[in-house]
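Colleague: Coordinates in model_34.cif, mmCIF, C-alpha atoms, are listed below.
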data_upload
loop_
_atom_site.label_atom_id
_atom_site.label_comp_id
_atom_site.auth_asym_id
_atom_site.auth_seq_id
_atom_site.Cartn_x
_atom_site.Cartn_y
_atom_site.Cartn_z
CA MET A 1 31.21 110.83 12.92
CA THR A 2 32.15 108.01 10.53
CA VAL A 3 29.70 105.96 8.50
CA GLN A 4 29.94 102.20 8.10
CA VAL A 5 29.19 102.13 4.35
CA ASP A 6 29.59 104.56 1.45
CA TYR A 7 26.17 104.12 -0.14
CA TYR A 8 27.17 106.16 -3.19
CA ASP A 9 30.11 103.85 -3.83
CA LEU A 10 27.82 100.86 -3.24
CA LEU A 11 25.44 102.08 -5.96
CA GLY A 12 28.22 103.33 -8.24
CA VAL A 13 26.88 106.91 -8.42
CA ALA A 14 28.26 110.36 -7.68
CA ARG A 15 27.51 112.01 -4.35
CA ASP A 16 25.37 114.63 -6.06
CA ALA A 17 23.38 112.02 -8.02
CA SER A 18 19.72 112.80 -8.69
CA GLU A 19 16.90 110.68 -7.29
CA ASP A 20 16.24 109.16 -10.72
CA THR A 21 19.92 108.20 -11.06
CA ILE A 22 19.85 106.59 -7.62
CA ARG A 23 16.66 104.68 -8.45
CA ASP A 24 18.14 103.37 -11.71
CA ALA A 25 21.39 102.35 -9.98
CA HIS A 26 19.47 100.62 -7.19
CA LYS A 27 17.40 98.69 -9.73
CA ARG A 28 20.53 97.60 -11.60
CA GLN A 29 22.49 96.61 -8.49
CA THR A 30 19.49 94.79 -7.00
CA ARG A 31 19.19 92.64 -10.12
CA ILE A 32 22.90 91.86 -9.95
CA TRP A 33 23.00 90.89 -6.28
CA THR A 34 19.59 89.33 -5.74
CA LYS A 35 20.35 86.41 -8.04
CA ARG A 36 23.45 85.59 -5.98
CA THR A 37 21.34 84.89 -2.90
CA ALA A 38 20.46 81.52 -4.48
CA SER A 39 24.08 80.50 -5.11
CA ALA A 40 25.18 77.04 -4.00
CA ASP A 41 28.23 78.63 -2.35
CA GLN A 42 27.58 79.74 1.24
CA SER A 43 29.99 82.69 1.21
CA THR A 44 28.39 83.94 -2.02
CA ARG A 45 24.95 83.77 -0.40
CA GLN A 46 26.21 85.60 2.68
CA GLU A 47 27.89 88.28 0.57
CA ALA A 48 24.74 88.72 -1.53
CA GLU A 49 22.47 88.90 1.52
CA THR A 50 24.76 91.56 3.01
CA LYS A 51 24.72 93.52 -0.24
CA THR A 52 20.97 93.36 -0.77
CA SER A 53 20.43 94.50 2.82
CA LEU A 54 22.80 97.44 2.27
CA LEU A 55 21.08 98.29 -1.01
CA ARG A 56 17.78 98.53 0.84
CA GLU A 57 19.40 100.85 3.38
CA ALA A 58 20.88 102.96 0.59
CA PHE A 59 17.48 103.26 -1.08
CA ASP A 60 15.82 104.23 2.19
CA ILE A 61 18.42 106.82 3.18
CA LEU A 62 19.38 108.44 -0.12
CA LEU A 63 15.79 108.93 -1.31
CA GLU A 64 14.66 110.59 1.93
CA PRO A 65 15.96 114.19 1.88
CA SER A 66 16.40 114.62 5.65
CA LYS A 67 18.10 111.22 6.03
CA ARG A 68 20.34 111.90 3.04
CA HIS A 69 21.36 115.30 4.43
CA ALA A 70 22.36 113.77 7.77
CA TYR A 71 24.19 110.92 6.05
CA ASP A 72 26.08 113.29 3.73
CA ARG A 73 27.14 115.40 6.72
CA ASP A 74 28.57 112.36 8.53
CA LEU A 75 30.20 110.97 5.38
CA THR A 76 31.92 114.30 4.66
CA ALA A 77 33.01 114.89 8.24
CA GLY A 78 34.12 111.41 9.31
CA GLY A 79 34.50 109.32 6.16
CA VAL A 80 34.00 105.55 6.11
CA ALA A 81 35.02 103.32 9.02
CA ALA A 82 38.01 101.06 8.35
CA PRO A 83 37.32 97.29 8.10
CA ALA A 84 38.50 94.90 10.77
CA ALA A 85 42.09 93.68 10.43
CA VAL A 86 42.83 90.19 9.10
CA GLN A 87 44.14 87.71 11.65
CA GLY A 88 47.52 86.26 10.63
CA GLY A 89 47.95 82.53 10.05
CA GLY A 90 45.33 79.83 10.41
CA ASP A 91 42.98 78.77 7.65
CA TRP A 92 43.41 81.49 5.03
CA LEU A 93 40.58 80.20 2.85
CA ALA A 94 38.17 80.24 5.79
CA GLN A 95 39.23 83.80 6.60
CA ALA A 96 38.82 84.82 2.97
CA ARG A 97 35.31 83.32 2.79
CA ALA A 98 34.32 85.02 6.05
CA ALA A 99 35.63 88.40 4.82
CA LEU A 100 33.70 88.03 1.56
CA GLY A 101 30.56 87.18 3.49
CA ARG A 102 30.70 90.50 5.32
CA GLY A 103 31.76 92.46 2.23
CA ASP A 104 35.33 93.17 3.40
CA TYR A 105 37.05 92.78 0.03
CA ARG A 106 40.48 94.02 1.04
CA SER A 107 40.76 91.42 3.79
CA ALA A 108 39.33 88.74 1.49
CA SER A 109 41.87 89.57 -1.20
CA TYR A 110 44.77 89.42 1.23
CA ALA A 111 43.64 86.15 2.79
CA ALA A 112 42.96 84.55 -0.63
CA ARG A 113 46.44 85.50 -1.87
CA GLU A 114 47.92 83.89 1.21
CA ALA A 115 45.77 80.82 0.55
CA THR A 116 47.18 80.44 -2.97
CA HIS A 117 50.69 80.54 -1.48
CA THR A 118 49.96 77.91 1.15
CA ALA A 119 47.38 75.69 -0.59
CA GLY A 120 49.00 75.66 -4.01
CA ASN A 121 47.06 76.01 -7.24
CA SER A 122 43.64 75.85 -5.58
CA PRO A 123 40.68 76.77 -7.83
CA GLU A 124 38.69 77.90 -4.79
CA ALA A 125 41.49 80.27 -3.74
CA TRP A 126 41.59 81.66 -7.28
CA ILE A 127 37.82 82.23 -7.42
CA ILE A 128 37.80 83.92 -4.01
CA ARG A 129 40.62 86.19 -5.17
CA ALA A 130 38.54 86.96 -8.25
CA ARG A 131 35.46 87.81 -6.20
CA ALA A 132 37.48 90.00 -3.84
CA ASN A 133 39.12 91.95 -6.65
CA ALA A 134 35.76 92.33 -8.39
CA GLY A 135 34.45 93.86 -5.17
CA LEU A 136 37.40 96.26 -5.17
CA GLY A 137 36.76 97.20 -8.78
CA GLN A 138 39.99 95.60 -10.01
CA LEU A 139 38.22 93.80 -12.81
CA GLN A 140 41.18 92.88 -15.01
CA ASP A 141 42.79 91.04 -12.09
CA ALA A 142 39.42 89.52 -11.21
CA ILE A 143 38.73 88.07 -14.66
CA TYR A 144 42.25 86.63 -14.89
CA GLU A 145 41.82 84.92 -11.51
CA ALA A 146 38.35 83.65 -12.42
CA ARG A 147 39.71 82.11 -15.61
CA GLN A 148 42.47 80.44 -13.61
CA ALA A 149 39.76 78.80 -11.48
CA THR A 150 37.67 77.66 -14.47
CA THR A 151 40.76 76.33 -16.25
CA ILE A 152 41.62 74.13 -13.26
CA ALA A 153 37.98 73.11 -12.65
CA PRO A 154 36.12 73.55 -15.97
CA ASN A 155 33.09 71.51 -14.85
CA ASN A 156 32.33 73.55 -11.73
CA PRO A 157 29.13 75.51 -12.53
CA ASP A 158 29.58 77.89 -9.60
CA PHE A 159 33.01 78.96 -10.85
CA LEU A 160 31.45 79.64 -14.27
CA PHE A 161 28.69 81.59 -12.52
CA GLN A 162 31.24 83.70 -10.62
CA THR A 163 33.16 84.31 -13.85
CA ALA A 164 29.97 85.45 -15.58
CA LEU A 165 29.22 87.91 -12.77
CA ILE A 166 32.61 89.55 -13.32
CA GLN A 167 32.04 89.58 -17.07
CA GLU A 168 28.76 91.41 -16.41
CA GLN A 169 30.61 94.03 -14.37
CA MET A 170 33.02 94.44 -17.29
CA GLU A 171 30.01 94.67 -19.65
CA GLN A 172 31.27 91.68 -21.58
CA TRP A 173 27.68 90.62 -22.11
CA SER A 174 28.21 87.97 -24.77
CA ASP A 175 30.88 86.26 -22.65
CA ALA A 176 28.69 86.48 -19.56
CA LEU A 177 25.76 84.91 -21.39
CA SER A 178 27.99 82.08 -22.63
CA SER A 179 29.31 81.43 -19.12
CA TYR A 180 25.82 81.36 -17.62
CA GLN A 181 24.63 79.01 -20.36
CA ALA A 182 27.59 76.69 -19.75
CA ALA A 183 26.77 76.65 -16.03
CA ALA A 184 23.12 75.86 -16.85
CA ARG A 185 24.15 72.93 -19.02
CA LEU A 186 26.28 71.52 -16.20
CA ALA A 187 23.52 71.97 -13.60
CA PRO A 188 20.17 72.03 -15.45
CA ASN A 189 18.14 71.72 -12.24
CA GLU A 190 19.67 74.85 -10.66
CA TYR A 191 17.29 77.69 -11.44
CA ILE A 192 19.83 80.38 -10.52
CA TYR A 193 21.67 79.97 -13.82
CA GLN A 194 18.48 80.33 -15.87
CA ILE A 195 17.60 83.44 -13.88
CA ALA A 196 21.04 84.85 -14.65
CA ILE A 197 20.50 84.22 -18.37
CA GLY A 198 17.19 86.07 -18.19
CA GLY A 199 18.94 88.87 -16.32
CA VAL A 200 21.41 89.42 -19.18
CA TYR A 201 18.52 89.74 -21.61
CA LEU A 202 16.84 92.26 -19.31
CA GLN A 203 20.03 94.33 -19.14
CA HIS A 204 19.74 94.71 -22.92
CA GLY A 205 16.04 95.54 -22.97
CA LEU A 206 15.11 92.14 -24.41
CA ALA A 207 12.07 91.51 -22.23
CA ASP A 208 10.52 89.00 -24.66
CA LYS A 209 13.64 86.79 -24.64
CA ALA A 210 13.88 87.10 -20.87
CA LEU A 211 10.27 85.98 -20.50
CA GLU A 212 10.93 82.96 -22.72
CA VAL A 213 13.58 81.87 -20.21
CA LEU A 214 11.88 82.93 -16.98
CA GLU A 215 8.32 81.69 -17.56
CA PRO A 216 9.32 77.96 -17.49
CA VAL A 217 11.51 78.57 -14.43
CA TYR A 218 8.58 80.15 -12.60
CA ALA A 219 6.26 77.30 -13.67
CA ALA A 220 8.67 74.88 -11.96
CA HIS A 221 9.49 77.07 -8.91
CA ARG A 222 6.37 79.06 -8.07
CA ASP A 223 7.20 79.13 -4.36
CA VAL A 224 10.64 80.75 -4.79
CA PRO A 225 10.50 84.55 -4.21
CA LEU A 226 13.67 85.13 -6.22
CA VAL A 227 12.14 83.56 -9.33
CA ALA A 228 8.98 85.63 -8.86
CA PHE A 229 11.11 88.78 -8.45
CA TYR A 230 12.86 88.29 -11.79
CA LEU A 231 9.68 87.34 -13.62
CA ALA A 232 7.88 90.38 -12.19
CA GLY A 233 10.74 92.61 -13.32
CA ALA A 234 10.59 91.14 -16.83
CA LEU A 235 6.82 91.69 -17.00
CA LEU A 236 7.22 95.33 -15.97
CA ASP A 237 10.00 95.81 -18.53
CA LYS A 238 7.70 94.29 -21.16
CA ALA A 239 4.91 96.65 -20.10
CA GLU A 240 7.17 99.68 -20.55
CA GLN A 241 8.35 98.41 -23.94
CA THR A 242 4.78 97.95 -25.22
CA PRO A 243 4.14 101.53 -26.48
CA ARG A 244 5.32 102.05 -30.04
CA VAL A 245 6.44 105.57 -29.13
CA GLN A 246 9.76 105.26 -27.32
CA SER A 247 12.34 107.98 -26.64
CA ASN A 248 15.49 107.33 -24.60
CA ASP A 249 14.19 106.32 -21.16
CA SER A 250 10.60 107.49 -21.74
CA TYR A 251 7.59 106.26 -23.68
CA ALA A 252 4.07 107.31 -24.54
CA ALA A 253 1.01 105.06 -24.69
CA THR A 254 -0.98 106.07 -27.76
CA SER A 255 -3.86 103.59 -28.00
CA GLU A 256 -6.41 101.76 -25.89
CA ALA A 257 -4.84 98.46 -26.94
CA GLU A 258 -1.43 99.50 -25.61
CA ILE A 259 -2.95 100.62 -22.32
CA ALA A 260 -4.90 97.37 -21.95
CA THR A 261 -1.79 95.27 -22.66
CA MET A 262 0.29 97.27 -20.19
CA ARG A 263 -2.33 96.93 -17.47
CA GLN A 264 -2.46 93.15 -17.95
CA LEU A 265 1.32 92.85 -17.65
CA VAL A 266 1.50 95.08 -14.56
CA ASP A 267 -1.42 93.32 -12.88
CA ARG A 268 0.29 89.99 -13.41
CA ALA A 269 3.57 91.33 -12.03
CA LYS A 270 1.73 92.59 -8.94
CA SER A 271 0.10 89.20 -8.44
CA LEU A 272 3.42 87.36 -8.17
CA PRO A 273 4.65 86.51 -4.66
CA SER A 274 7.48 89.06 -4.58
CA ASP A 275 7.60 91.56 -1.73
CA ASP A 276 10.41 93.63 -3.25
CA PHE A 277 9.61 97.32 -2.86
CA ASP A 278 11.27 98.26 -6.16
CA ILE A 279 8.81 96.02 -8.02
CA ALA A 280 5.89 97.49 -6.08
CA ASP A 281 7.05 101.07 -6.74
CA ARG A 282 7.54 100.45 -10.47
CA ALA A 283 4.12 98.80 -10.79
CA ARG A 284 2.47 101.71 -8.98
CA ASP A 285 4.24 104.29 -11.15
CA ILE A 286 3.20 102.56 -14.38
CA LEU A 287 -0.44 102.25 -13.28
CA GLU A 288 -0.52 105.91 -12.22
CA TYR A 289 0.84 106.85 -15.64
CA LEU A 290 -1.86 104.76 -17.37
CA ASP A 291 -4.54 106.41 -15.24
CA ARG A 292 -3.28 109.82 -16.34
CA MET A 293 -3.27 108.76 -19.99
CA GLU A 294 -6.98 107.83 -19.72
CA GLU A 295 -7.91 111.26 -18.33
CA MET A 296 -9.59 113.70 -20.71
CA THR A 297 -7.75 116.75 -22.04
CA TRP A 298 -8.21 119.49 -24.64
CA GLN A 299 -6.17 118.76 -27.77
CA VAL A 300 -6.87 120.34 -31.13
CA PRO A 301 -6.01 118.00 -34.04
CA GLY A 302 -3.51 119.45 -36.48
CA LEU A 303 -5.72 119.13 -39.55
CA PHE A 304 -5.94 121.68 -42.32
CA GLY A 305 -4.20 124.32 -40.24
CA PHE A 306 -6.72 123.76 -37.42
CA SER A 307 -5.72 125.64 -34.26
CA SER A 308 -7.20 126.27 -30.81
CA LEU A 309 -8.12 129.80 -31.89
CA ARG A 310 -9.97 128.56 -34.96
CA ALA A 311 -11.59 125.69 -33.07
CA VAL A 312 -13.20 128.11 -30.65
CA GLY A 313 -13.43 131.11 -32.94
CA ILE A 314 -15.57 129.58 -35.69
CA PRO A 315 -18.63 128.73 -33.54
CA VAL A 316 -18.25 131.97 -31.54
CA ALA A 317 -18.12 134.00 -34.73
CA ALA A 318 -21.24 132.19 -35.97
CA VAL A 319 -23.13 133.03 -32.76
CA VAL A 320 -22.09 136.70 -32.93
CA LEU A 321 -23.20 136.89 -36.57
CA ALA A 322 -26.50 135.22 -35.65
CA PHE A 323 -27.23 137.89 -33.00
CA ILE A 324 -26.43 140.61 -35.52
CA LEU A 325 -28.88 139.04 -37.96
CA PHE A 326 -31.53 138.70 -35.22
CA SER A 327 -31.17 142.37 -34.35
CA SER A 328 -31.41 143.37 -38.03
CA GLY A 329 -34.64 141.41 -38.51
CA ALA A 330 -33.20 138.37 -40.31
CA ALA A 331 -34.33 135.96 -37.58
CA GLY A 332 -34.63 132.93 -39.85
CA VAL A 333 -31.07 133.15 -41.05
CA GLY A 334 -29.91 133.92 -37.51
CA PHE A 335 -31.68 130.82 -36.18
CA LEU A 336 -29.98 128.68 -38.80
CA LEU A 337 -26.64 130.16 -37.84
CA ILE A 338 -27.33 129.35 -34.19
CA LEU A 339 -28.04 125.75 -35.13
CA ALA A 340 -24.91 125.64 -37.26
CA ALA A 341 -22.84 127.13 -34.44
CA GLY A 342 -24.21 124.50 -32.04
CA GLY A 343 -23.37 121.73 -34.44
CA ILE A 344 -19.89 123.07 -35.06
CA GLY A 345 -19.36 123.52 -31.32
CA PHE A 346 -20.43 119.95 -30.63
CA LEU A 347 -18.16 118.68 -33.41
CA VAL A 348 -15.22 120.68 -32.01
CA TYR A 349 -15.93 119.30 -28.53
CA LYS A 350 -15.95 115.71 -29.81
CA MET A 351 -12.78 116.27 -31.81
CA CYS A 352 -10.80 118.15 -29.17
CA TRP A 353 -11.92 116.78 -25.77
CA VAL A 354 -10.04 113.48 -25.92
CA PRO A 355 -8.15 111.04 -23.64
CA ARG A 356 -4.51 111.95 -23.13
CA TRP A 357 -3.42 108.82 -25.01
CA LYS A 358 -5.26 110.07 -28.10
CA ALA A 359 -3.66 113.48 -27.74
CA ALA A 360 -0.28 111.77 -27.50
CA SER A 361 -1.01 109.75 -30.64
CA GLN A 362 -1.86 112.94 -32.54
CA LEU A 363 1.38 114.58 -31.43
CA ALA A 364 3.38 111.48 -32.35
CA ARG A 365 2.25 111.50 -35.99
#
Step by step, read the file and then write its structure as structure tokens.
Modeller:
Amino acid sequence: MTVQVDYYDLLGVARDASEDTIRDAHKRQTRIWTKRTASADQSTRQEAETKTSLLREAFDILLEPSKRHAYDRDLTAGGVAAPAAVQGGGDWLAQARAALGRGDYRSASYAAREATHTAGNSPEAWIIRARANAGLGQLQDAIYEARQATTIAPNNPDFLFQTALIQEQMEQWSDALSSYQAAARLAPNEYIYQIAIGGVYLQHGLADKALEVLEPVYAAHRDVPLVAFYLAGALLDKAEQTPRVQSNDSYAATSEAEIATMRQLVDRAKSLPSDDFDIADRARDILEYLDRMEEMTWQVPGLFGFSSLRAVGIPVAAVVLAFILFSSGAAGVGFLLILAAGGIGFLVYKMCWVPRWKAASQLAR
């Protein structure tokens, strides 16, 4: 049995990818495609809506073991269904736009090439060819075609936007940022370009710079779910960048102040009118982590060679010695030792029974 879509190819991951890898790829691809749903170009919106819908399906299927097993079986046995054939003749640009809208990049590329032959040096034909080749992963061809379009029509913000999207795929981040900024200057009232600028900052872990861009956009477009989605993502990124202890893709909250700041950022992200499940899942995971870090745990501070054995052994030894003294008739000294053991035990308890965040801070020193 064939499948309609290769979800692994859609996410850009291997077929044996772990759940964490799939989650990260879904987050990255969702950020890329969600912003395109607000494009002024209808075929771009249609393509983006198709992609975001497929990304939701991929998330649902590949992160559910039984669904993933059944999908993998069908993918291995039957492969991916072939796209519909392109109709010869007619309006090649219309056919190319329609193929892009349904995510059929091979048909779109063919139709757009035919359009450039029949319509001459058309910037729209060039940009459609660029989008189709980007979808096929032929990025060098795509960026050449996109530049042809922007050379012919340098004041078209959507062409600059499409060029920047390809530059993102090529990880030419500085060029992408410049293209988005040029588009924003040409169309300052179009929030999509500001969102894209914020998205580049988020790709580089620059949550503060992203928030500087996205906060004013949200203030002006509070009723737009896409704007809320990007702002919520930036707030969650900022929350995860708050702890001073960072290691690769992990972090550790080590103070009450860090935990309080993180909670405020997550609570604000949750309050925004975005129903995206990735945002909801990330917010839940961060809050569950903060709850765990506020739980109490036994952690012996590494002071003066202090160890768990010594922490418990000192008061126990004092109690044992006290009983020996009691039995030998030295009750007064034994009583004092009992008091001392109690005091030491209480001090050990206060020092060692601590919130997990404090234990983490001690380990991070």
Colleague: With a distance cut-off of 8 Å and all atoms listed in the file, select the neighbouring residues of Ala359 (chain A), excluding the residue or stretch itself and same-chain residues fewer than 4 positions from it, and output the selection as a ChimeraX atom specification.
Modeller: /A:254,297,299,354-355,363
Colleague: Running the PyMOL selection byres ((chain A and resi 59-62) around 9) on this model by hand, what would come out? Give it as a PyMOL selection string.
Modeller: chain A and resi 7-8+19+22-23+26+54-58+63-69+71
Colleague: When the PyMOL selection byres ((chain A and resi 91-103) around 12) is applied to the structure above, which residues does it catch, written out as a CSV table (one decimal) with C-alpha atoms, in the frame of the given file?
Modeller:
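Final output, saved to result-v1.csv:
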chain,number,residue,atom,x,y,z
A,4,GLN,CA,29.9,102.2,8.1
A,5,VAL,CA,29.2,102.1,4.4
A,10,LEU,CA,27.8,100.9,-3.2
A,36,ARG,CA,23.4,85.6,-6.0
A,37,THR,CA,21.3,84.9,-2.9
A,41,ASP,CA,28.2,78.6,-2.4
A,42,GLN,CA,27.6,79.7,1.2
A,43,SER,CA,30.0,82.7,1.2
A,44,THR,CA,28.4,83.9,-2.0
A,45,ARG,CA,25.0,83.8,-0.4
A,46,GLN,CA,26.2,85.6,2.7
A,47,GLU,CA,27.9,88.3,0.6
A,48,ALA,CA,24.7,88.7,-1.5
A,49,GLU,CA,22.5,88.9,1.5
A,50,THR,CA,24.8,91.6,3.0
A,51,LYS,CA,24.7,93.5,-0.2
A,52,THR,CA,21.0,93.4,-0.8
A,53,SER,CA,20.4,94.5,2.8
A,54,LEU,CA,22.8,97.4,2.3
A,83,PRO,CA,37.3,97.3,8.1
A,84,ALA,CA,38.5,94.9,10.8
A,85,ALA,CA,42.1,93.7,10.4
A,86,VAL,CA,42.8,90.2,9.1
A,87,GLN,CA,44.1,87.7,11.6
A,88,GLY,CA,47.5,86.3,10.6
A,89,GLY,CA,48.0,82.5,10.0
A,90,GLY,CA,45.3,79.8,10.4
A,104,ASP,CA,35.3,93.2,3.4
A,105,TYR,CA,37.0,92.8,0.0
A,106,ARG,CA,40.5,94.0,1.0
A,107,SER,CA,40.8,91.4,3.8
A,108,ALA,CA,39.3,88.7,1.5
A,109,SER,CA,41.9,89.6,-1.2
A,110,TYR,CA,44.8,89.4,1.2
A,111,ALA,CA,43.6,86.2,2.8
A,112,ALA,CA,43.0,84.6,-0.6
A,113,ARG,CA,46.4,85.5,-1.9
A,114,GLU,CA,47.9,83.9,1.2
A,115,ALA,CA,45.8,80.8,0.6
A,116,THR,CA,47.2,80.4,-3.0
A,117,HIS,CA,50.7,80.5,-1.5
A,118,THR,CA,50.0,77.9,1.2
A,119,ALA,CA,47.4,75.7,-0.6
A,120,GLY,CA,49.0,75.7,-4.0
A,122,SER,CA,43.6,75.8,-5.6
A,123,PRO,CA,40.7,76.8,-7.8
A,124,GLU,CA,38.7,77.9,-4.8
A,125,ALA,CA,41.5,80.3,-3.7
A,126,TRP,CA,41.6,81.7,-7.3
A,127,ILE,CA,37.8,82.2,-7.4
A,128,ILE,CA,37.8,83.9,-4.0
A,129,ARG,CA,40.6,86.2,-5.2
A,130,ALA,CA,38.5,87.0,-8.2
A,131,ARG,CA,35.5,87.8,-6.2
A,132,ALA,CA,37.5,90.0,-3.8
A,133,ASN,CA,39.1,92.0,-6.6
A,134,ALA,CA,35.8,92.3,-8.4
A,135,GLY,CA,34.4,93.9,-5.2
A,136,LEU,CA,37.4,96.3,-5.2
Colleague: Could you pull the residues within 12 Å of Ile195 (chain A), counting only C-alpha atoms, minus those fewer than 5 positions along the same chain, as a PyMOL selection string?
Modeller: chain A and resi 31-39+161+177+180-181+183-184+188-190+200-202+209-218+221+224+226-231+233-234
Colleague: Report the distance between CA of Ala70 (chain A) and CA of Ala17 (chain A) in Å, rounded to one decimal place.
Modeller: 15.9 Å
Colleague: I need every residue sitting at most 12 Å from the point (2.4, 98.1, -22.5) (coordinates as in the file, all atoms listed in the file considered), written as an MDAnalysis selection string.
Modeller: chainID A and resid 207 235:246 251:267 283 286:287 289:290
Colleague: Would you please work out which residue, of A:Ala14, A:Ala146, A:Ala176, A:Ala269, is nearest to Gly198 (chain A) when using all atoms listed in the file?
Modeller: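 Distance minimum relative to Gly198 (chain A) lands on A:Ala176.
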Colleague: At what distance in Å, to one decimal, does CA of Ala149 (chain A) lie from CA of Ser178 (chain A)?
Modeller: 16.5 Å
Colleague: Would you mind reading off the distance between CA of Gln148 (chain A) and CA of Arg185 (chain A), one decimal, in Å?
Modeller: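 Going from CA of Gln148 (chain A) over to CA of Arg185 (chain A), I get 20.5 Å.
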Colleague: Could you work out an axis-aligned box for region 30-34 of chain A, taking every atom the file lists and adding 6 Å on each side, and report centre and edge lengths in Å to one decimal, as JSON?
Modeller:
{"center_x": 21.1, "center_y": 92.1, "center_z": -7.9, "size_x": 15.8, "size_y": 17.5, "size_z": 16.4}
Colleague: Pick out the residues sitting within 9 Å of Val3 (chain A), and hand them over as a PyMOL selection string; count only C-alpha atoms, and ignore anything fewer than 4 positions along from it in its own chain.
Modeller: chain A and resi 71+74-75+78-81
